[in-house]
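Colleague: The structure's right below; bear with me while I get my questions together.
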Amino acid sequence: MRLIDLSQDIYQGMKVYPGHLKTVVFEHATHEETSQRFEGGFSFQTTGFLLNDNGPTHVDSFSHLDPDPTAQTIDQMSLDLFYGDAVCLDVSDVPAHTDITAEHLDEVEKASPVDVRPGDIVLFHTATWNRYVGRREYLTDFAGFGESGSEWIRDRGIKTFGVDSPTPDNPISRTYPCHMMCRREHITHYENLANLDQVVDTRFTFVGFPLKLQGSHGGPTRAVAVVEH
């Protein structure tokens, strides 16, 4: 068994979706400060941080996608959505600012040694993280699902999906058909994944439990692929 980290580092200055709270990290308490409170040599240090619920590697809550006041927040969603059999398909050849279509996805799956099964978690390797991590292009230069590609996800019975970019939608879109499909069909997704090149064309177990933030509209996540040798 091999564990592959699919999460991005969290640090001050990391790229977050435009309009979201930027990540702030600060030294909260030091060994020097806390040692004065104890005898015998004990001390501790801690770090403080401010983080958007949709900032780093995360999964969207249904309340983030849907204005219906009854839509579930991240702490209300079933844990089953965040764990299960998974595959990763390679869509990295689709040019930036282009819609990923159902035709693209049919071709990619046909060329892959793994197939998508109903109930799978499916990750899509756009290579955005590999190409642009830490650069401003990470927020702008990638492909995203158009209407037909979004409906392909629904039609294949995919439980949850994820991308290694800030949004599964085409960044030049004004209508966000993929998020709208997720709203309508109650399908959630991960954003800002990493290292998907290490699991492309592989079947594995995905583990991506979000922080249990009460009333939150997204859940920062340490996403991991469990790959059997």
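Here's how to read the names in the structure tokens: chain A, B, ... by the order shown, residue numbers from 1 in each chain, ligand numbers from 1 in the order shown.
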Report as a PyMOL selection string all protein, DNA and RNA residues lying within 9 Å of Tyr17 in chain A, evaluated on only C-alpha atoms, omitting residues in the same chain fewer than 2 positions from it.

Modeller: chain A and resi 15+19-22+54-55+139+166-167

Colleague: If we count only C-alpha atoms, what is near His125 in chain A at a cut-off of 9 Å, once residues fewer than 4 positions away on the same chain are taken out, given as a list in words?

Modeller: Cys88, Leu89, Asp90, Val91, Ser92, Gly162, Val163, Asp164, Ser165, Ala194, Asn195, Leu196, Asp197, Val199 and Val200 of chain A

Colleague: As a PyMOL selection string, please: every residue in chain A that DSSP puts in strand (DSSP E or B).

Modeller: chain A and resi 2-5+7+24-29+46-50+58-60+83-90+99-100+121-125+144-145+160-163+169+188-191+193+203-207+210+218-221+224-227

Colleague: Env of His97 in chain A: 8 Å cut, atoms = only C-alpha atoms, seq-sep filter 4 positions within chain, self excluded. Answer as a CSV table (one decimal) with N, CA, C and O atoms, in the first residue's frame.

Modeller:
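Everything below was put into around.csv:
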```csv
chain,number,residue,atom,x,y,z
A,141,ASP,N,-5.2,30.2,-16.1
A,141,ASP,CA,-4.8,29.5,-17.3
A,141,ASP,C,-5.0,28.0,-17.2
A,141,ASP,O,-4.1,27.2,-17.0
A,142,PHE,N,-6.3,27.6,-17.4
A,142,PHE,CA,-6.6,26.2,-17.3
A,142,PHE,C,-7.9,26.0,-18.1
A,142,PHE,O,-8.7,26.9,-18.4
A,143,ALA,N,-8.2,24.7,-18.3
A,143,ALA,CA,-9.5,24.3,-19.0
A,143,ALA,C,-10.5,24.0,-17.9
A,143,ALA,O,-10.1,23.7,-16.7
A,144,GLY,N,-11.8,24.0,-18.2
A,144,GLY,CA,-12.8,23.7,-17.3
A,144,GLY,C,-14.0,23.0,-18.0
A,144,GLY,O,-14.2,23.1,-19.2
A,170,ASN,N,-14.6,26.4,-16.6
A,170,ASN,CA,-13.8,27.2,-17.5
A,170,ASN,C,-13.6,28.6,-16.8
A,170,ASN,O,-14.6,29.3,-16.5
A,171,PRO,N,-12.4,29.1,-16.6
A,171,PRO,CA,-12.2,30.4,-15.9
A,171,PRO,C,-12.7,31.6,-16.7
A,171,PRO,O,-13.0,32.6,-16.0
A,172,ILE,N,-13.0,31.4,-18.0
A,172,ILE,CA,-13.6,32.6,-18.7
A,172,ILE,C,-15.1,32.5,-18.8
A,172,ILE,O,-15.7,33.4,-19.3
```

Colleague: Between CA of Ile187 in chain A and CA of Pro18 in chain A, what is the distance, to one decimal in Å?

Modeller: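 Atom-to-atom, CA of Ile187 in chain A and CA of Pro18 in chain A are spaced 23.0 Å apart.
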
Colleague: Go through range 77-140 of chain A residue by residue and, counting only C-alpha atoms, keep those with an atom at most 12 Å from range 202-215 of chain A; for each kept residue give the shortest atom pair and its distance in Å to one decimal, ordered by chain and increasing number, as a tab-separated table.

Modeller:
```
residue	atom	partner	partner_atom	distance
A:Met77	CA	A:Lys212	CA	9.8
A:Ser78	CA	A:Phe209	CA	10.2
A:Leu79	CA	A:Phe209	CA	7.2
A:Asp80	CA	A:Phe209	CA	9.3
A:Leu81	CA	A:Phe209	CA	8.8
A:Phe82	CA	A:Gly208	CA	5.1
A:Tyr83	CA	A:Val207	CA	4.8
A:Gly84	CA	A:Phe206	CA	5.4
A:Asp85	CA	A:Thr205	CA	4.8
A:Ala86	CA	A:Phe204	CA	5.3
A:Val87	CA	A:Arg203	CA	4.6
A:Cys88	CA	A:Thr202	CA	6.1
A:Leu89	CA	A:Thr202	CA	8.3
A:Asp90	CA	A:Thr202	CA	10.4
A:Glu109	CA	A:Thr202	CA	11.6
A:Ser112	CA	A:Thr202	CA	8.8
A:Pro113	CA	A:Thr202	CA	7.8
A:Val114	CA	A:Thr202	CA	6.5
A:Asp115	CA	A:Arg203	CA	8.7
A:Val116	CA	A:Arg203	CA	9.4
A:Arg117	CA	A:Arg203	CA	10.7
A:Asp120	CA	A:Phe206	CA	9.6
A:Ile121	CA	A:Phe206	CA	7.4
A:Val122	CA	A:Phe206	CA	9.2
A:Leu123	CA	A:Phe206	CA	9.4
A:Phe124	CA	A:Thr202	CA	11.6
A:His125	CA	A:Thr202	CA	11.7
```

Colleague: Keeping only N, CA and C atoms, take the residues you just selected and write them out as a PDB file, in the first residue's frame.

Modeller:
```pdb
ATOM      1  N   MET A  77     -23.058  17.166   5.855  1.00  0.00           N
ATOM      2  CA  MET A  77     -22.988  16.280   4.698  1.00  0.00           C
ATOM      3  C   MET A  77     -22.492  14.889   5.083  1.00  0.00           C
ATOM      4  N   SER A  78     -22.937  13.887   4.343  1.00  0.00           N
ATOM      5  CA  SER A  78     -22.580  12.503   4.622  1.00  0.00           C
ATOM      6  C   SER A  78     -21.081  12.268   4.427  1.00  0.00           C
ATOM      7  N   LEU A  79     -20.461  11.589   5.386  1.00  0.00           N
ATOM      8  CA  LEU A  79     -19.041  11.254   5.266  1.00  0.00           C
ATOM      9  C   LEU A  79     -18.773  10.348   4.071  1.00  0.00           C
ATOM     10  N   ASP A  80     -19.779   9.629   3.620  1.00  0.00           N
ATOM     11  CA  ASP A  80     -19.622   8.729   2.480  1.00  0.00           C
ATOM     12  C   ASP A  80     -19.206   9.466   1.216  1.00  0.00           C
ATOM     13  N   LEU A  81     -19.559  10.754   1.121  1.00  0.00           N
ATOM     14  CA  LEU A  81     -19.209  11.539  -0.067  1.00  0.00           C
ATOM     15  C   LEU A  81     -17.710  11.784  -0.173  1.00  0.00           C
ATOM     16  N   PHE A  82     -16.997  11.642   0.934  1.00  0.00           N
ATOM     17  CA  PHE A  82     -15.604  12.051   1.011  1.00  0.00           C
ATOM     18  C   PHE A  82     -14.631  10.869   1.030  1.00  0.00           C
ATOM     19  N   TYR A  83     -15.143   9.680   0.751  1.00  0.00           N
ATOM     20  CA  TYR A  83     -14.319   8.468   0.850  1.00  0.00           C
ATOM     21  C   TYR A  83     -14.856   7.434  -0.126  1.00  0.00           C
ATOM     22  N   GLY A  84     -13.942   6.710  -0.790  1.00  0.00           N
ATOM     23  CA  GLY A  84     -14.433   5.624  -1.625  1.00  0.00           C
ATOM     24  C   GLY A  84     -13.523   5.260  -2.780  1.00  0.00           C
ATOM     25  N   ASP A  85     -14.007   4.332  -3.597  1.00  0.00           N
ATOM     26  CA  ASP A  85     -13.288   3.904  -4.797  1.00  0.00           C
ATOM     27  C   ASP A  85     -13.151   5.093  -5.745  1.00  0.00           C
ATOM     28  N   ALA A  86     -11.968   5.208  -6.341  1.00  0.00           N
ATOM     29  CA  ALA A  86     -11.692   6.392  -7.161  1.00  0.00           C
ATOM     30  C   ALA A  86     -10.812   6.043  -8.347  1.00  0.00           C
ATOM     31  N   VAL A  87     -10.913   6.875  -9.382  1.00  0.00           N
ATOM     32  CA  VAL A  87     -10.001   6.828 -10.524  1.00  0.00           C
ATOM     33  C   VAL A  87      -9.622   8.263 -10.874  1.00  0.00           C
ATOM     34  N   CYS A  88      -8.531   8.392 -11.615  1.00  0.00           N
ATOM     35  CA  CYS A  88      -8.097   9.716 -12.079  1.00  0.00           C
ATOM     36  C   CYS A  88      -7.906   9.672 -13.588  1.00  0.00           C
ATOM     37  N   LEU A  89      -8.564  10.602 -14.281  1.00  0.00           N
ATOM     38  CA  LEU A  89      -8.469  10.708 -15.736  1.00  0.00           C
ATOM     39  C   LEU A  89      -7.648  11.937 -16.112  1.00  0.00           C
ATOM     40  N   ASP A  90      -6.924  11.829 -17.209  1.00  0.00           N
ATOM     41  CA  ASP A  90      -5.995  12.874 -17.639  1.00  0.00           C
ATOM     42  C   ASP A  90      -6.640  13.761 -18.700  1.00  0.00           C
ATOM     43  N   GLU A 109     -11.358   8.481 -21.385  1.00  0.00           N
ATOM     44  CA  GLU A 109     -11.677   7.216 -20.707  1.00  0.00           C
ATOM     45  C   GLU A 109     -11.354   6.023 -21.608  1.00  0.00           C
ATOM     46  N   SER A 112      -7.752   5.209 -21.452  1.00  0.00           N
ATOM     47  CA  SER A 112      -7.251   4.910 -20.117  1.00  0.00           C
ATOM     48  C   SER A 112      -7.391   3.425 -19.801  1.00  0.00           C
ATOM     49  N   PRO A 113      -6.482   2.864 -19.019  1.00  0.00           N
ATOM     50  CA  PRO A 113      -6.633   1.466 -18.599  1.00  0.00           C
ATOM     51  C   PRO A 113      -7.682   1.275 -17.509  1.00  0.00           C
ATOM     52  N   VAL A 114      -8.212   2.365 -16.968  1.00  0.00           N
ATOM     53  CA  VAL A 114      -9.265   2.270 -15.955  1.00  0.00           C
ATOM     54  C   VAL A 114     -10.558   2.839 -16.520  1.00  0.00           C
ATOM     55  N   ASP A 115     -11.671   2.307 -16.033  1.00  0.00           N
ATOM     56  CA  ASP A 115     -12.963   2.809 -16.474  1.00  0.00           C
ATOM     57  C   ASP A 115     -13.701   3.402 -15.284  1.00  0.00           C
ATOM     58  N   VAL A 116     -14.633   4.307 -15.581  1.00  0.00           N
ATOM     59  CA  VAL A 116     -15.439   4.966 -14.559  1.00  0.00           C
ATOM     60  C   VAL A 116     -16.656   4.105 -14.272  1.00  0.00           C
ATOM     61  N   ARG A 117     -16.854   3.812 -12.995  1.00  0.00           N
ATOM     62  CA  ARG A 117     -17.984   2.992 -12.568  1.00  0.00           C
ATOM     63  C   ARG A 117     -18.973   3.853 -11.780  1.00  0.00           C
ATOM     64  N   ASP A 120     -18.290   5.910  -8.316  1.00  0.00           N
ATOM     65  CA  ASP A 120     -16.880   6.270  -8.149  1.00  0.00           C
ATOM     66  C   ASP A 120     -16.712   7.737  -7.759  1.00  0.00           C
ATOM     67  N   ILE A 121     -15.587   8.017  -7.116  1.00  0.00           N
ATOM     68  CA  ILE A 121     -15.047   9.374  -7.028  1.00  0.00           C
ATOM     69  C   ILE A 121     -14.067   9.511  -8.185  1.00  0.00           C
ATOM     70  N   VAL A 122     -14.204  10.553  -8.981  1.00  0.00           N
ATOM     71  CA  VAL A 122     -13.352  10.723 -10.157  1.00  0.00           C
ATOM     72  C   VAL A 122     -12.589  12.042 -10.041  1.00  0.00           C
ATOM     73  N   LEU A 123     -11.271  11.954 -10.125  1.00  0.00           N
ATOM     74  CA  LEU A 123     -10.411  13.133 -10.124  1.00  0.00           C
ATOM     75  C   LEU A 123      -9.928  13.381 -11.545  1.00  0.00           C
ATOM     76  N   PHE A 124      -9.838  14.656 -11.899  1.00  0.00           N
ATOM     77  CA  PHE A 124      -9.452  15.040 -13.262  1.00  0.00           C
ATOM     78  C   PHE A 124      -8.148  15.837 -13.203  1.00  0.00           C
ATOM     79  N   HIS A 125      -7.128  15.271 -13.839  1.00  0.00           N
ATOM     80  CA  HIS A 125      -5.796  15.885 -13.864  1.00  0.00           C
ATOM     81  C   HIS A 125      -5.732  16.907 -14.993  1.00  0.00           C
TER      82      HIS A 125
END
```

Colleague: Can you tell me, as a VMD selection string, what residues are no more than 9 Å from Phe49 in chain A when counting only C-alpha atoms, ignoring any on the same chain fewer than 4 positions away?

Modeller: chain A and resid 12 23 to 28
